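Peer 1: Input structure: input33.txt, which contains compact mmCIF, N, CA and C atoms.
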# COMPACT_ATOMS: atom_id res chain seq x y z
N ARG T 1 91.54 -11.98 -47.03
CA ARG T 1 91.54 -13.04 -48.02
C ARG T 1 90.10 -13.42 -48.32
N GLY T 2 89.91 -14.04 -49.47
CA GLY T 2 88.59 -14.53 -49.84
C GLY T 2 87.86 -13.60 -50.77
N GLY T 3 86.55 -13.80 -50.84
CA GLY T 3 85.74 -13.05 -51.78
C GLY T 3 85.17 -11.78 -51.18
N ALA T 4 84.99 -10.80 -52.03
CA ALA T 4 84.35 -9.55 -51.67
C ALA T 4 83.71 -9.00 -52.94
N THR T 5 82.92 -7.98 -52.79
CA THR T 5 82.26 -7.36 -53.93
C THR T 5 82.46 -5.85 -53.85
N ILE T 6 82.87 -5.27 -54.96
CA ILE T 6 82.93 -3.81 -55.05
C ILE T 6 81.51 -3.34 -55.29
N LYS T 7 80.95 -2.63 -54.30
CA LYS T 7 79.58 -2.14 -54.41
C LYS T 7 79.51 -0.63 -54.49
N LEU T 8 80.65 0.02 -54.34
CA LEU T 8 80.68 1.47 -54.35
C LEU T 8 82.05 1.90 -54.85
N LYS T 9 82.09 2.98 -55.60
CA LYS T 9 83.37 3.56 -56.00
C LYS T 9 83.22 5.07 -55.96
N ARG T 10 84.31 5.73 -55.56
CA ARG T 10 84.27 7.19 -55.41
C ARG T 10 85.51 7.83 -55.99
N LYS T 11 85.30 8.99 -56.60
CA LYS T 11 86.40 9.83 -57.06
C LYS T 11 86.77 10.78 -55.93
N TRP T 12 88.06 10.97 -55.71
CA TRP T 12 88.60 11.85 -54.68
C TRP T 12 87.87 11.67 -53.35
N PRO T 13 87.90 10.43 -52.82
CA PRO T 13 87.15 10.14 -51.58
C PRO T 13 87.80 10.75 -50.35
N GLY T 14 86.97 11.13 -49.42
CA GLY T 14 87.44 11.50 -48.10
C GLY T 14 87.71 10.24 -47.29
N TRP T 15 88.30 10.41 -46.13
CA TRP T 15 88.68 9.25 -45.31
C TRP T 15 88.45 9.58 -43.85
N THR T 16 87.94 8.59 -43.11
CA THR T 16 87.78 8.69 -41.66
C THR T 16 88.33 7.40 -41.04
N PRO T 17 89.17 7.51 -40.00
CA PRO T 17 89.68 6.29 -39.37
C PRO T 17 88.54 5.50 -38.75
N THR T 18 88.69 4.18 -38.76
CA THR T 18 87.67 3.31 -38.16
C THR T 18 87.78 3.37 -36.64
N ALA T 19 86.75 2.88 -35.97
CA ALA T 19 86.77 2.82 -34.51
C ALA T 19 87.93 1.96 -34.02
N ASN T 20 88.23 0.88 -34.74
CA ASN T 20 89.35 0.02 -34.36
C ASN T 20 90.69 0.76 -34.48
N MET T 21 90.86 1.55 -35.53
CA MET T 21 92.09 2.33 -35.69
C MET T 21 92.25 3.32 -34.54
N LEU T 22 91.15 3.98 -34.19
CA LEU T 22 91.19 4.96 -33.10
C LEU T 22 91.49 4.29 -31.76
N ARG T 23 90.97 3.09 -31.58
CA ARG T 23 91.18 2.37 -30.32
C ARG T 23 92.61 1.83 -30.20
N THR T 24 93.14 1.26 -31.30
CA THR T 24 94.44 0.60 -31.21
C THR T 24 95.63 1.54 -31.40
N GLU T 25 95.46 2.61 -32.14
CA GLU T 25 96.56 3.56 -32.35
C GLU T 25 96.06 5.01 -32.27
N PRO T 26 95.60 5.41 -31.08
CA PRO T 26 95.05 6.76 -30.94
C PRO T 26 96.06 7.86 -31.25
N GLU T 27 97.34 7.58 -31.01
CA GLU T 27 98.36 8.60 -31.28
C GLU T 27 98.53 8.86 -32.78
N VAL T 28 98.22 7.87 -33.60
CA VAL T 28 98.33 8.00 -35.05
C VAL T 28 97.04 8.58 -35.63
N TYR T 29 95.90 8.03 -35.21
CA TYR T 29 94.63 8.35 -35.87
C TYR T 29 93.77 9.36 -35.13
N GLY T 30 93.99 9.55 -33.84
CA GLY T 30 93.17 10.46 -33.04
C GLY T 30 93.00 11.85 -33.62
N PRO T 31 94.07 12.48 -34.08
CA PRO T 31 93.92 13.83 -34.63
C PRO T 31 93.02 13.90 -35.87
N PHE T 32 92.73 12.74 -36.47
CA PHE T 32 91.93 12.72 -37.70
C PHE T 32 90.57 12.06 -37.48
N ARG T 33 90.14 11.99 -36.22
CA ARG T 33 88.90 11.28 -35.87
C ARG T 33 87.69 11.82 -36.62
N ARG T 34 87.70 13.08 -37.01
CA ARG T 34 86.56 13.65 -37.74
C ARG T 34 86.73 13.47 -39.25
N GLY T 35 87.86 12.92 -39.67
CA GLY T 35 88.04 12.62 -41.09
C GLY T 35 88.89 13.64 -41.83
N ILE T 36 89.23 13.26 -43.05
CA ILE T 36 90.02 14.08 -43.95
C ILE T 36 89.21 14.21 -45.24
N PRO T 37 89.02 15.43 -45.73
CA PRO T 37 88.23 15.59 -46.96
C PRO T 37 88.96 14.98 -48.16
N GLY T 38 88.19 14.65 -49.18
CA GLY T 38 88.77 14.16 -50.42
C GLY T 38 89.68 15.21 -51.04
N GLY T 39 90.66 14.77 -51.78
CA GLY T 39 91.60 15.69 -52.41
C GLY T 39 93.01 15.15 -52.29
N LEU T 40 93.96 15.98 -52.58
CA LEU T 40 95.36 15.55 -52.59
C LEU T 40 95.87 15.07 -51.24
N SER T 41 95.28 15.52 -50.14
CA SER T 41 95.73 15.11 -48.81
C SER T 41 95.08 13.83 -48.31
N SER T 42 94.05 13.37 -48.97
CA SER T 42 93.33 12.18 -48.50
C SER T 42 94.19 10.93 -48.64
N PRO T 43 94.26 10.11 -47.59
CA PRO T 43 95.00 8.84 -47.69
C PRO T 43 94.44 7.88 -48.74
N LEU T 44 93.20 8.09 -49.18
CA LEU T 44 92.62 7.21 -50.19
C LEU T 44 92.98 7.63 -51.61
N GLY T 45 93.72 8.72 -51.76
CA GLY T 45 94.19 9.11 -53.08
C GLY T 45 93.08 9.57 -54.00
N SER T 46 93.29 9.33 -55.28
CA SER T 46 92.41 9.87 -56.32
C SER T 46 91.12 9.09 -56.52
N ARG T 47 91.11 7.81 -56.18
CA ARG T 47 89.93 6.97 -56.38
C ARG T 47 89.92 5.87 -55.32
N ALA T 48 88.72 5.36 -55.03
CA ALA T 48 88.61 4.24 -54.09
C ALA T 48 87.48 3.32 -54.53
N LEU T 49 87.74 2.03 -54.40
CA LEU T 49 86.77 0.98 -54.65
C LEU T 49 86.47 0.36 -53.29
N TYR T 50 85.20 0.32 -52.90
CA TYR T 50 84.78 -0.08 -51.56
C TYR T 50 84.37 -1.55 -51.56
N LEU T 51 85.00 -2.34 -50.70
CA LEU T 51 84.76 -3.78 -50.66
C LEU T 51 83.71 -4.15 -49.62
N TYR T 52 82.75 -4.96 -50.06
CA TYR T 52 81.67 -5.44 -49.21
C TYR T 52 81.71 -6.96 -49.18
N ARG T 53 81.25 -7.53 -48.08
CA ARG T 53 81.12 -8.98 -47.96
C ARG T 53 79.79 -9.25 -47.26
N GLY T 54 78.98 -10.10 -47.89
CA GLY T 54 77.68 -10.41 -47.30
C GLY T 54 76.80 -9.19 -47.17
N GLY T 55 76.94 -8.24 -48.07
CA GLY T 55 76.13 -7.03 -48.03
C GLY T 55 76.60 -5.98 -47.04
N ARG T 56 77.68 -6.26 -46.30
CA ARG T 56 78.19 -5.32 -45.28
C ARG T 56 79.53 -4.75 -45.70
N ASP T 57 79.73 -3.47 -45.43
CA ASP T 57 80.98 -2.80 -45.72
C ASP T 57 82.09 -3.44 -44.88
N THR T 58 83.17 -3.85 -45.53
CA THR T 58 84.30 -4.44 -44.80
C THR T 58 85.24 -3.37 -44.24
N TYR T 59 85.10 -2.14 -44.71
CA TYR T 59 85.98 -1.02 -44.40
C TYR T 59 87.35 -1.19 -45.06
N TYR T 60 87.49 -2.18 -45.93
CA TYR T 60 88.70 -2.32 -46.74
C TYR T 60 88.42 -1.69 -48.09
N ARG T 61 89.47 -1.10 -48.66
CA ARG T 61 89.34 -0.40 -49.94
C ARG T 61 90.50 -0.81 -50.85
N ILE T 62 90.24 -0.71 -52.13
CA ILE T 62 91.31 -0.70 -53.13
C ILE T 62 91.39 0.76 -53.53
N HIS T 63 92.53 1.39 -53.28
CA HIS T 63 92.56 2.85 -53.45
C HIS T 63 93.94 3.35 -53.88
N GLY T 64 93.96 4.58 -54.32
CA GLY T 64 95.21 5.26 -54.62
C GLY T 64 95.87 5.73 -53.34
N THR T 65 97.04 6.29 -53.47
CA THR T 65 97.71 6.84 -52.30
C THR T 65 98.73 7.88 -52.73
N ASN T 66 99.00 8.80 -51.83
CA ASN T 66 100.09 9.76 -52.05
C ASN T 66 101.34 9.34 -51.29
N ASP T 67 101.26 8.20 -50.61
CA ASP T 67 102.40 7.64 -49.86
C ASP T 67 103.01 6.52 -50.72
N LEU T 68 103.80 6.91 -51.69
CA LEU T 68 104.30 5.97 -52.69
C LEU T 68 105.13 4.84 -52.09
N ASP T 69 105.86 5.11 -51.01
CA ASP T 69 106.68 4.07 -50.38
C ASP T 69 105.84 2.96 -49.77
N SER T 70 104.57 3.21 -49.53
CA SER T 70 103.73 2.20 -48.89
C SER T 70 103.22 1.14 -49.88
N ILE T 71 103.28 1.41 -51.16
CA ILE T 71 102.74 0.48 -52.15
C ILE T 71 103.60 -0.78 -52.18
N GLY T 72 102.93 -1.92 -52.03
CA GLY T 72 103.62 -3.21 -52.04
C GLY T 72 104.18 -3.61 -50.68
N ASN T 73 103.94 -2.78 -49.68
CA ASN T 73 104.40 -3.08 -48.33
C ASN T 73 103.21 -3.20 -47.40
N SER T 74 103.48 -3.61 -46.18
CA SER T 74 102.43 -3.73 -45.18
C SER T 74 102.48 -2.50 -44.31
N GLY T 75 101.72 -1.49 -44.72
CA GLY T 75 101.74 -0.25 -43.97
C GLY T 75 100.37 0.37 -43.83
N SER T 76 99.34 -0.41 -44.11
CA SER T 76 97.99 0.12 -44.00
C SER T 76 97.18 -0.76 -43.07
N ALA T 77 95.93 -0.43 -42.93
CA ALA T 77 95.03 -1.21 -42.07
C ALA T 77 94.40 -2.36 -42.85
N GLY T 78 95.02 -2.78 -43.92
CA GLY T 78 94.53 -3.91 -44.69
C GLY T 78 94.06 -3.55 -46.08
N CYS T 79 94.04 -2.28 -46.40
CA CYS T 79 93.61 -1.87 -47.73
C CYS T 79 94.66 -2.24 -48.78
N ILE T 80 94.23 -2.24 -50.02
CA ILE T 80 95.12 -2.52 -51.14
C ILE T 80 95.42 -1.19 -51.81
N ARG T 81 96.67 -0.75 -51.73
CA ARG T 81 97.08 0.56 -52.25
C ARG T 81 97.68 0.44 -53.63
N MET T 82 97.38 1.45 -54.45
CA MET T 82 97.89 1.49 -55.82
C MET T 82 98.37 2.90 -56.12
N PHE T 83 99.21 3.02 -57.15
CA PHE T 83 99.57 4.35 -57.63
C PHE T 83 98.29 5.03 -58.12
N ASN T 84 98.19 6.35 -57.93
CA ASN T 84 96.98 7.05 -58.33
C ASN T 84 96.64 6.83 -59.80
N GLN T 85 97.63 6.86 -60.69
CA GLN T 85 97.33 6.67 -62.11
C GLN T 85 96.77 5.27 -62.38
N ASP T 86 97.21 4.27 -61.60
CA ASP T 86 96.71 2.91 -61.80
C ASP T 86 95.29 2.74 -61.28
N ILE T 87 94.96 3.35 -60.13
CA ILE T 87 93.60 3.23 -59.62
C ILE T 87 92.63 4.03 -60.49
N ILE T 88 93.09 5.13 -61.07
CA ILE T 88 92.22 5.88 -62.00
C ILE T 88 91.87 4.99 -63.19
N HIS T 89 92.86 4.29 -63.73
CA HIS T 89 92.63 3.40 -64.85
C HIS T 89 91.69 2.25 -64.45
N LEU T 90 91.96 1.61 -63.32
CA LEU T 90 91.13 0.51 -62.86
C LEU T 90 89.70 0.98 -62.59
N PHE T 91 89.57 2.13 -61.95
CA PHE T 91 88.27 2.70 -61.59
C PHE T 91 87.35 2.77 -62.81
N GLU T 92 87.91 3.19 -63.94
CA GLU T 92 87.11 3.32 -65.17
C GLU T 92 86.72 1.96 -65.75
N GLN T 93 87.44 0.89 -65.40
CA GLN T 93 87.18 -0.44 -65.94
C GLN T 93 86.17 -1.24 -65.10
N VAL T 94 85.94 -0.82 -63.86
CA VAL T 94 85.15 -1.60 -62.92
C VAL T 94 83.68 -1.19 -62.97
N ASP T 95 82.83 -2.20 -63.15
CA ASP T 95 81.38 -1.99 -63.05
C ASP T 95 80.94 -2.32 -61.63
N ILE T 96 79.79 -1.78 -61.25
CA ILE T 96 79.21 -2.06 -59.94
C ILE T 96 78.02 -2.99 -60.16
N PRO T 97 77.96 -4.12 -59.51
CA PRO T 97 78.93 -4.72 -58.61
C PRO T 97 79.99 -5.51 -59.38
N THR T 98 81.15 -5.67 -58.80
CA THR T 98 82.22 -6.52 -59.34
C THR T 98 82.75 -7.40 -58.22
N ARG T 99 82.85 -8.69 -58.48
CA ARG T 99 83.41 -9.64 -57.52
C ARG T 99 84.93 -9.51 -57.52
N VAL T 100 85.52 -9.64 -56.33
CA VAL T 100 86.96 -9.54 -56.15
C VAL T 100 87.42 -10.76 -55.35
N HIS T 101 88.53 -11.34 -55.75
CA HIS T 101 89.13 -12.42 -54.97
C HIS T 101 90.46 -11.90 -54.41
N ILE T 102 90.60 -11.96 -53.10
CA ILE T 102 91.82 -11.49 -52.44
C ILE T 102 92.57 -12.72 -51.94
N ARG T 103 93.77 -12.88 -52.44
CA ARG T 103 94.56 -14.05 -52.07
C ARG T 103 95.05 -13.96 -50.63
N GLY T 104 95.01 -15.10 -49.95
CA GLY T 104 95.59 -15.22 -48.63
C GLY T 104 97.06 -15.59 -48.77
N PRO T 105 97.79 -15.68 -47.66
CA PRO T 105 99.23 -15.98 -47.72
C PRO T 105 99.55 -17.29 -48.43
N GLU T 106 98.81 -18.34 -48.14
CA GLU T 106 99.11 -19.65 -48.74
C GLU T 106 98.95 -19.60 -50.26
N GLU T 107 97.86 -19.02 -50.72
CA GLU T 107 97.63 -18.92 -52.16
C GLU T 107 98.67 -18.01 -52.82
N SER T 108 99.01 -16.92 -52.19
CA SER T 108 100.02 -16.01 -52.75
C SER T 108 101.36 -16.71 -52.90
N GLN T 109 101.74 -17.47 -51.90
CA GLN T 109 103.01 -18.19 -51.97
C GLN T 109 102.98 -19.24 -53.09
N ARG T 110 101.84 -19.88 -53.26
CA ARG T 110 101.73 -20.92 -54.29
C ARG T 110 101.75 -20.34 -55.70
N VAL T 111 101.01 -19.25 -55.94
CA VAL T 111 100.87 -18.75 -57.32
C VAL T 111 101.92 -17.70 -57.70
N ASP T 112 102.56 -17.08 -56.71
CA ASP T 112 103.53 -16.02 -57.02
C ASP T 112 104.69 -16.07 -56.02
N PRO T 113 105.41 -17.21 -55.97
CA PRO T 113 106.43 -17.38 -54.92
C PRO T 113 107.57 -16.36 -55.00
N GLU T 114 107.90 -15.89 -56.20
CA GLU T 114 109.03 -14.95 -56.31
C GLU T 114 108.71 -13.58 -55.69
N ASN T 115 107.43 -13.25 -55.54
CA ASN T 115 107.06 -11.98 -54.92
C ASN T 115 106.48 -12.13 -53.53
N TYR T 116 106.35 -13.38 -53.06
CA TYR T 116 105.79 -13.61 -51.74
C TYR T 116 106.75 -13.04 -50.68
N GLU T 117 106.20 -12.32 -49.75
CA GLU T 117 106.97 -11.67 -48.68
C GLU T 117 108.01 -10.68 -49.20
N ARG T 118 107.74 -10.11 -50.36
CA ARG T 118 108.63 -9.10 -50.93
C ARG T 118 108.56 -7.80 -50.14
N GLY T 119 107.37 -7.47 -49.67
CA GLY T 119 107.18 -6.22 -48.94
C GLY T 119 107.69 -6.29 -47.52
N VAL T 120 107.73 -5.15 -46.88
CA VAL T 120 108.18 -5.05 -45.49
C VAL T 120 107.09 -4.39 -44.66
N GLU T 121 107.12 -4.66 -43.36
CA GLU T 121 106.21 -4.02 -42.42
C GLU T 121 106.70 -2.60 -42.17
N LEU T 122 105.85 -1.62 -42.43
CA LEU T 122 106.23 -0.23 -42.24
C LEU T 122 105.69 0.30 -40.92
N PRO T 123 106.47 1.11 -40.23
CA PRO T 123 105.95 1.74 -39.01
C PRO T 123 104.94 2.81 -39.41
N PRO T 124 104.02 3.17 -38.52
CA PRO T 124 103.06 4.22 -38.88
C PRO T 124 103.77 5.55 -39.08
N LYS T 125 103.27 6.32 -40.03
CA LYS T 125 103.77 7.68 -40.23
C LYS T 125 102.87 8.61 -39.44
N ILE T 126 103.44 9.25 -38.45
CA ILE T 126 102.66 10.17 -37.63
C ILE T 126 102.85 11.56 -38.19
N ILE T 127 101.73 12.14 -38.59
CA ILE T 127 101.73 13.46 -39.21
C ILE T 127 100.65 14.30 -38.53
N SER T 128 100.93 15.56 -38.35
CA SER T 128 99.96 16.43 -37.67
C SER T 128 98.89 16.88 -38.67
N PRO T 129 97.71 17.20 -38.15
CA PRO T 129 96.66 17.73 -39.03
C PRO T 129 97.12 19.00 -39.76
N GLU T 130 97.88 19.83 -39.07
CA GLU T 130 98.36 21.07 -39.70
C GLU T 130 99.29 20.77 -40.87
N GLU T 131 100.17 19.78 -40.69
CA GLU T 131 101.09 19.41 -41.76
C GLU T 131 100.33 18.82 -42.95
N LEU T 132 99.30 18.03 -42.68
CA LEU T 132 98.55 17.38 -43.75
C LEU T 132 97.55 18.32 -44.40
N LEU T 133 96.82 19.06 -43.58
CA LEU T 133 95.71 19.85 -44.09
C LEU T 133 95.98 21.35 -44.18
N GLY T 134 97.05 21.81 -43.57
CA GLY T 134 97.38 23.24 -43.62
C GLY T 134 96.34 24.06 -42.88
N VAL T 135 95.87 25.12 -43.51
CA VAL T 135 94.94 26.07 -42.89
C VAL T 135 93.65 25.38 -42.46
N GLU T 136 93.18 24.39 -43.24
CA GLU T 136 91.94 23.68 -42.90
C GLU T 136 92.00 23.07 -41.51
N ALA T 137 93.19 22.69 -41.06
CA ALA T 137 93.33 22.00 -39.77
C ALA T 137 93.03 22.93 -38.60
N ARG T 138 93.17 24.23 -38.79
CA ARG T 138 92.90 25.15 -37.69
C ARG T 138 91.46 25.03 -37.20
N ASN T 139 90.57 24.69 -38.14
CA ASN T 139 89.16 24.55 -37.80
C ASN T 139 88.73 23.08 -37.81
N ALA T 140 89.66 22.17 -37.53
CA ALA T 140 89.38 20.73 -37.65
C ALA T 140 88.19 20.30 -36.80
N ASP T 141 88.00 20.90 -35.62
CA ASP T 141 86.87 20.50 -34.79
C ASP T 141 85.54 20.96 -35.36
N HIS T 142 85.59 21.86 -36.33
CA HIS T 142 84.36 22.36 -36.93
C HIS T 142 84.09 21.78 -38.31
N LEU T 143 85.03 20.97 -38.79
CA LEU T 143 84.83 20.33 -40.09
C LEU T 143 83.76 19.26 -39.99
N PRO T 144 83.00 19.05 -41.05
CA PRO T 144 82.06 17.94 -41.03
C PRO T 144 82.81 16.61 -41.01
N ILE T 145 82.13 15.56 -40.65
CA ILE T 145 82.75 14.23 -40.66
C ILE T 145 82.78 13.74 -42.10
N PHE T 146 83.95 13.29 -42.56
CA PHE T 146 84.13 12.83 -43.93
C PHE T 146 84.17 11.32 -43.97
N GLU T 147 83.73 10.76 -45.11
CA GLU T 147 83.81 9.31 -45.32
C GLU T 147 84.80 9.03 -46.40
Please rewrite the model in this file as structure tokens.
Peer 2:
Amino acid sequence: RGGATIKLKRKWPGWTPTANMLRTEPEVYGPFRRGIPGGLSSPLGSRALYLYRGGRDTYYRIHGTNDLDSIGNSGSAGCIRMFNQDIIHLFEQVDIPTRVHIRGPEESQRVDPENYERGVELPPKIISPEELLGVEARNADHLPIFE
């Protein structure tokens, strides 16, 4: 919740789990500790807007996703997920820097009560590197670290 600034945006971004993700859910994120390259398999989808606060990366993103069931639900590490076509459209509209206001629960309930708590908490989807990356996963320990 609160204010943030989009200071970076990327097309087809790669993704690497944060240290906190690796610590709290190693069974989910451990196999991807070196990251996933940008492209159709990346959890960040087709575009990502990077949120900063006080000049520091928050590690939260507004991004596309290939996990359509997760949109509008609580199934991420705090990022704001959008359909790929919607983030592509938004990406083209956003200048750097752009201020963003993220509503907290109280404000969301006040301004949009009919949609408050509409989403559900989703369990993590555990997927193997081979299933996600195919042949690339065979050499996962030799892949560069992706952001």
Peer 1: Could you list, as a PyMOL selection string, every residue within 7 Å of stretch 113-128 of chain T, counting only N, CA and C atoms and ignoring same-chain residues fewer than 4 positions away?
Peer 2: chain T and resi 27-28+72-76+108-109+132-133
Peer 1: Compare T:Ile36, T:Arg53, T:Met82, T:Arg110 by their minimum atom-to-atom distance to T:Gly3, counting only N, CA and C atoms, and give me the closest one.
Peer 2: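 Closest candidate: T:Arg53.
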Peer 1: Tell me, which residues of chain T carry DSSP strand (DSSP E), written as a PyMOL selection string?
Peer 2: chain T and resi 2-11+47-53+56-65+80-83+98-102
Peer 1: Please list as a ChimeraX atom specification every residue within 5 Å of stretch 87-100 of chain T, counting only N, CA and C atoms and excluding residues in the same chain fewer than 6 positions away.
Peer 2: /T:3-7
Peer 1: Selection from above, N, CA and C atoms, as a short mmCIF file (atom, residue, chain, number, x, y, z; two decimals), in the frame of the given file, can you write it?
Peer 2:
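Output file selection-v9.cif follows:
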data_model
loop_
_atom_site.label_atom_id
_atom_site.label_comp_id
_atom_site.auth_asym_id
_atom_site.auth_seq_id
_atom_site.Cartn_x
_atom_site.Cartn_y
_atom_site.Cartn_z
N GLY T 3 86.55 -13.80 -50.84
CA GLY T 3 85.74 -13.05 -51.78
C GLY T 3 85.17 -11.78 -51.18
N ALA T 4 84.99 -10.80 -52.03
CA ALA T 4 84.35 -9.55 -51.67
C ALA T 4 83.71 -9.00 -52.94
N THR T 5 82.92 -7.98 -52.79
CA THR T 5 82.26 -7.36 -53.93
C THR T 5 82.46 -5.85 -53.85
N ILE T 6 82.87 -5.27 -54.96
CA ILE T 6 82.93 -3.81 -55.05
C ILE T 6 81.51 -3.34 -55.29
N LYS T 7 80.95 -2.63 -54.30
CA LYS T 7 79.58 -2.14 -54.41
C LYS T 7 79.51 -0.63 -54.49
#
Peer 1: Extract the full set of helix (DSSP H, G or I) residues from chain T according to DSSP on the backbone, and format it as an NGL selection string.
Peer 2: :T and (19-24 or 26-32 or 68-70 or 84-93 or 105-111 or 129-142)
Peer 1: Go ahead and compute the interatomic distance for atom N of T:Lys9 and atom C of T:Tyr50, in Å to one decimal.
Peer 2: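 Between these atoms lies a distance of 6.5 Å.
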Peer 1: With distances taken over only C-alpha atoms, which residue among T:Leu68, T:Ser41, T:Trp15, T:Leu22 lies nearest T:Glu131?
Peer 2: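 Of T:Leu68, T:Ser41, T:Trp15, T:Leu22, the one nearest T:Glu131, counting only C-alpha atoms, is T:Ser41.
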Peer 1: State, in Å with one decimal place, the distance from atom CA of T:Ser70 to atom CA of T:Ser46.
Peer 2: 15.6 Å
Peer 1: Counting all atoms listed in the file, which residue out of T:Thr24, T:Pro13, T:Arg56, T:Ala19 sits closest to T:Gly39?
Peer 2: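 Checking each candidate against T:Gly39, we get T:Pro13 as the closest.
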Peer 1: Could you check which of T:Gly134, T:Thr18, T:Gly35, T:Lys11 is closest to T:Gly78, using only C-alpha atoms?
Peer 2: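 Distance minimum relative to T:Gly78 lands on T:Thr18.
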Peer 1: So the first atom is atom N of T:His63 and the second is atom CA of T:Ala48; what is the distance between them in Å, to one decimal place?
Peer 2: 4.9 Å
Peer 1: Identify which of the residues T:Tyr60, T:Gly55, T:Gly45, T:Val111 lies closest to T:Phe83, counting only C-alpha atoms when measuring atom-to-atom distances.
Peer 2: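 Of the candidates, the smallest distance to T:Phe83 is held by T:Gly45.
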Peer 1: Excluding same-chain residues fewer than 4 positions from T:Ile62, what lies within 6 Å of it counting all atoms listed in the file, as an MDAnalysis selection string?
Peer 2: chainID T and resid 47:51 79:81
Peer 1: Calculated over only C-alpha atoms, which of the candidates T:Asp86, T:His101, T:Ile71, T:Thr65 has the smallest distance to T:Trp12?
Peer 2: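 Nearest to T:Trp12: T:Thr65.
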Peer 1: Quick one: residues within 8 Å of T:Pro17, only N, CA and C atoms, excluding same-chain residues fewer than 5 positions away - as a list in words?
Peer 2: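 With the cut-off at 8 Å, the set is Leu22, Arg23, Tyr29, Gly30, Phe32, Arg33, Arg34, Gly35, Ile36, Phe146 and Glu147 of chain T.
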